Amino acid sequence: NRATLATFCPGKRVLDICCNTGGFGVYAKAKGGASEVVGLDLDEQAIEMAKHNAKLNGAQIRYVQADLFSWLRDIIPNPDQRFDVVILDPAKL
């Protein structure tokens with residue numbers, strides 16, 4: 001699934017919601033050539049693991065530790081915060 005996702009990402013802005021340990025976002029950036037990846041998760045430990053995984057794979061990813069519902073409500077009105085590819089793989093929901 002991660003390899004397939006990567007084929008949709010060249011040059012795209014990618015939002016990885018519920019990123020957990022960052023697997024999909026890392027593939028989008030490192031293998032898919034995404035221009036930007038933002039990983040979002042509520043779990044602080046998951047964010048730390050995702051940062052570690054991104055570093056191991058040479059992928060520059062911005063991680064946000066926040067509640068997805070309030071974060072999305074905050075960015076939706078902002079036209080500069082649009083994404084071309086959205087990943088939603090909620091392990092905990």
# chains A, B, ... in the order shown; residues from 1 in each chain; ligands from 1
call {"tool": "residues_around", "arguments": {"residues": "Asp84 in chain A", "least_positions_apart": "3", "cutoff": "12 Å", "atoms": "only C-alpha atoms", "output": "ChimeraX atom specification"}}
result
/A:8-16,28,34-38,80-81,87
call {"tool": "residues_around", "arguments": {"residues": "Gly25 in chain A", "least_positions_apart": "5", "cutoff": "12 Å", "atoms": "only C-alpha atoms", "output": "number ranges by chain"}}
result
A: 1-3, 5-6, 9, 12-20, 30-41, 47, 50-51, 53-54, 57, 59-63, 85-89
call {"tool": "atom_distance", "arguments": {"atom1": "CA of His52 in chain A", "atom2": "CA of Thr21 in chain A"}}
result
8.6 Å
call {"tool": "atom_distance", "arguments": {"atom1": "CA of Lys29 in chain A", "atom2": "CA of Leu56 in chain A"}}
result
12.6 Å
call {"tool": "closest_residue", "arguments": {"among": "A:Pro77, A:Tyr27, A:Asp43, A:Met49", "to": "Gln65 in chain A", "atoms": "only C-alpha atoms"}}
result
A:Asp43
call {"tool": "atom_distance", "arguments": {"atom1": "CA of Val64 in chain A", "atom2": "CA of Val26 in chain A"}}
result
14.6 Å
call {"tool": "select_by_dssp", "arguments": {"residues": "chain A", "states": "helix (DSSP H, G or I)", "output": "JSON, numbers by chain"}}
result
{"A": [2, 3, 4, 5, 6, 23, 24, 25, 26, 27, 28, 29, 30, 31, 44, 45, 46, 47, 48, 49, 50, 51, 52, 53, 54, 55, 56, 68, 69, 70, 71, 72, 73, 74, 75]}
call {"tool": "select_by_dssp", "arguments": {"residues": "chain A", "states": "strand (DSSP E or B)", "output": "PyMOL selection string"}}
result
chain A and resi 13-17+36-41+62-65+85-88
call {"tool": "decode", "arguments": {"residues": "chain A", "atoms": "C-alpha atoms", "output": "short mmCIF file (atom, residue, chain, number, x, y, z; two decimals), in the first residue's frame"}}
result
data_model
loop_
_atom_site.label_atom_id
_atom_site.label_comp_id
_atom_site.auth_asym_id
_atom_site.auth_seq_id
_atom_site.Cartn_x
_atom_site.Cartn_y
_atom_site.Cartn_z
CA ASN A 1 0.00 0.00 0.00
CA ARG A 2 2.82 2.41 0.81
CA ALA A 3 4.57 1.76 -2.52
CA THR A 4 1.29 2.28 -4.40
CA LEU A 5 0.65 5.51 -2.53
CA ALA A 6 4.12 6.78 -3.49
CA THR A 7 3.13 6.69 -7.18
CA PHE A 8 0.51 9.41 -6.51
CA CYS A 9 2.93 11.76 -4.73
CA PRO A 10 5.60 13.19 -7.08
CA GLY A 11 5.67 16.96 -6.59
CA LYS A 12 2.54 16.91 -4.41
CA ARG A 13 1.74 18.32 -0.97
CA VAL A 14 0.81 15.37 1.23
CA LEU A 15 -1.08 15.29 4.53
CA ASP A 16 -0.71 12.10 6.58
CA ILE A 17 -3.51 12.15 9.17
CA CYS A 18 -3.11 9.74 12.10
CA CYS A 19 0.46 9.22 10.89
CA ASN A 20 1.40 6.95 13.80
CA THR A 21 5.05 5.96 13.15
CA GLY A 22 5.12 7.74 9.79
CA GLY A 23 5.32 4.88 7.30
CA PHE A 24 3.01 6.31 4.64
CA GLY A 25 4.45 9.81 4.90
CA VAL A 26 8.02 8.54 4.69
CA TYR A 27 7.19 6.59 1.53
CA ALA A 28 5.42 9.63 0.05
CA LYS A 29 8.54 11.75 0.56
CA ALA A 30 11.46 9.33 0.23
CA LYS A 31 10.11 7.05 -2.51
CA GLY A 32 7.34 9.14 -4.03
CA GLY A 33 9.10 12.49 -4.31
CA ALA A 34 6.40 14.53 -2.58
CA SER A 35 7.28 18.22 -2.43
CA GLU A 36 6.04 18.45 1.16
CA VAL A 37 4.68 16.03 3.74
CA VAL A 38 2.91 16.97 6.95
CA GLY A 39 2.34 14.18 9.47
CA LEU A 40 -0.39 14.68 12.06
CA ASP A 41 -1.02 12.61 15.17
CA LEU A 42 -2.31 13.15 18.70
CA ASP A 43 0.11 10.67 20.28
CA GLU A 44 3.36 12.39 21.26
CA GLN A 45 5.28 9.09 21.35
CA ALA A 46 4.07 8.20 17.85
CA ILE A 47 5.28 11.58 16.58
CA GLU A 48 8.71 10.98 18.10
CA MET A 49 8.92 7.55 16.43
CA ALA A 50 7.77 9.07 13.12
CA LYS A 51 10.50 11.72 13.35
CA HIS A 52 13.05 9.00 14.00
CA ASN A 53 11.82 6.94 11.02
CA ALA A 54 11.89 9.97 8.74
CA LYS A 55 15.46 10.74 9.79
CA LEU A 56 16.55 7.13 9.16
CA ASN A 57 15.12 7.40 5.64
CA GLY A 58 16.44 10.87 4.84
CA ALA A 59 12.91 12.25 4.53
CA GLN A 60 12.26 15.82 5.59
CA ILE A 61 8.74 15.82 7.04
CA ARG A 62 6.94 18.34 9.24
CA TYR A 63 5.16 16.66 12.13
CA VAL A 64 2.31 18.19 14.10
CA GLN A 65 1.16 16.80 17.44
CA ALA A 66 -2.51 17.79 17.67
CA ASP A 67 -6.08 16.59 17.72
CA LEU A 68 -6.97 16.04 14.08
CA PHE A 69 -10.49 17.46 14.31
CA SER A 70 -9.52 20.82 15.82
CA TRP A 71 -6.39 21.07 13.63
CA LEU A 72 -8.41 20.47 10.46
CA ARG A 73 -11.03 23.03 11.53
CA ASP A 74 -8.23 25.57 11.97
CA ILE A 75 -6.62 25.01 8.57
CA ILE A 76 -9.72 24.55 6.36
CA PRO A 77 -10.42 28.30 6.00
CA ASN A 78 -6.80 28.94 4.93
CA PRO A 79 -6.36 28.46 1.16
CA ASP A 80 -2.57 28.15 1.66
CA GLN A 81 -3.16 24.94 3.62
CA ARG A 82 -4.47 22.77 0.80
CA PHE A 83 -3.10 19.30 0.12
CA ASP A 84 -3.01 17.26 -3.08
CA VAL A 85 -2.88 13.86 -1.37
CA VAL A 86 -4.47 13.00 1.99
CA ILE A 87 -3.68 9.79 3.83
CA LEU A 88 -6.11 8.67 6.53
CA ASP A 89 -5.14 5.47 8.31
CA PRO A 90 -6.55 5.83 11.84
CA ALA A 91 -5.19 2.99 13.93
CA LYS A 92 -6.76 4.22 17.17
CA LEU A 93 -10.20 5.36 16.00
#
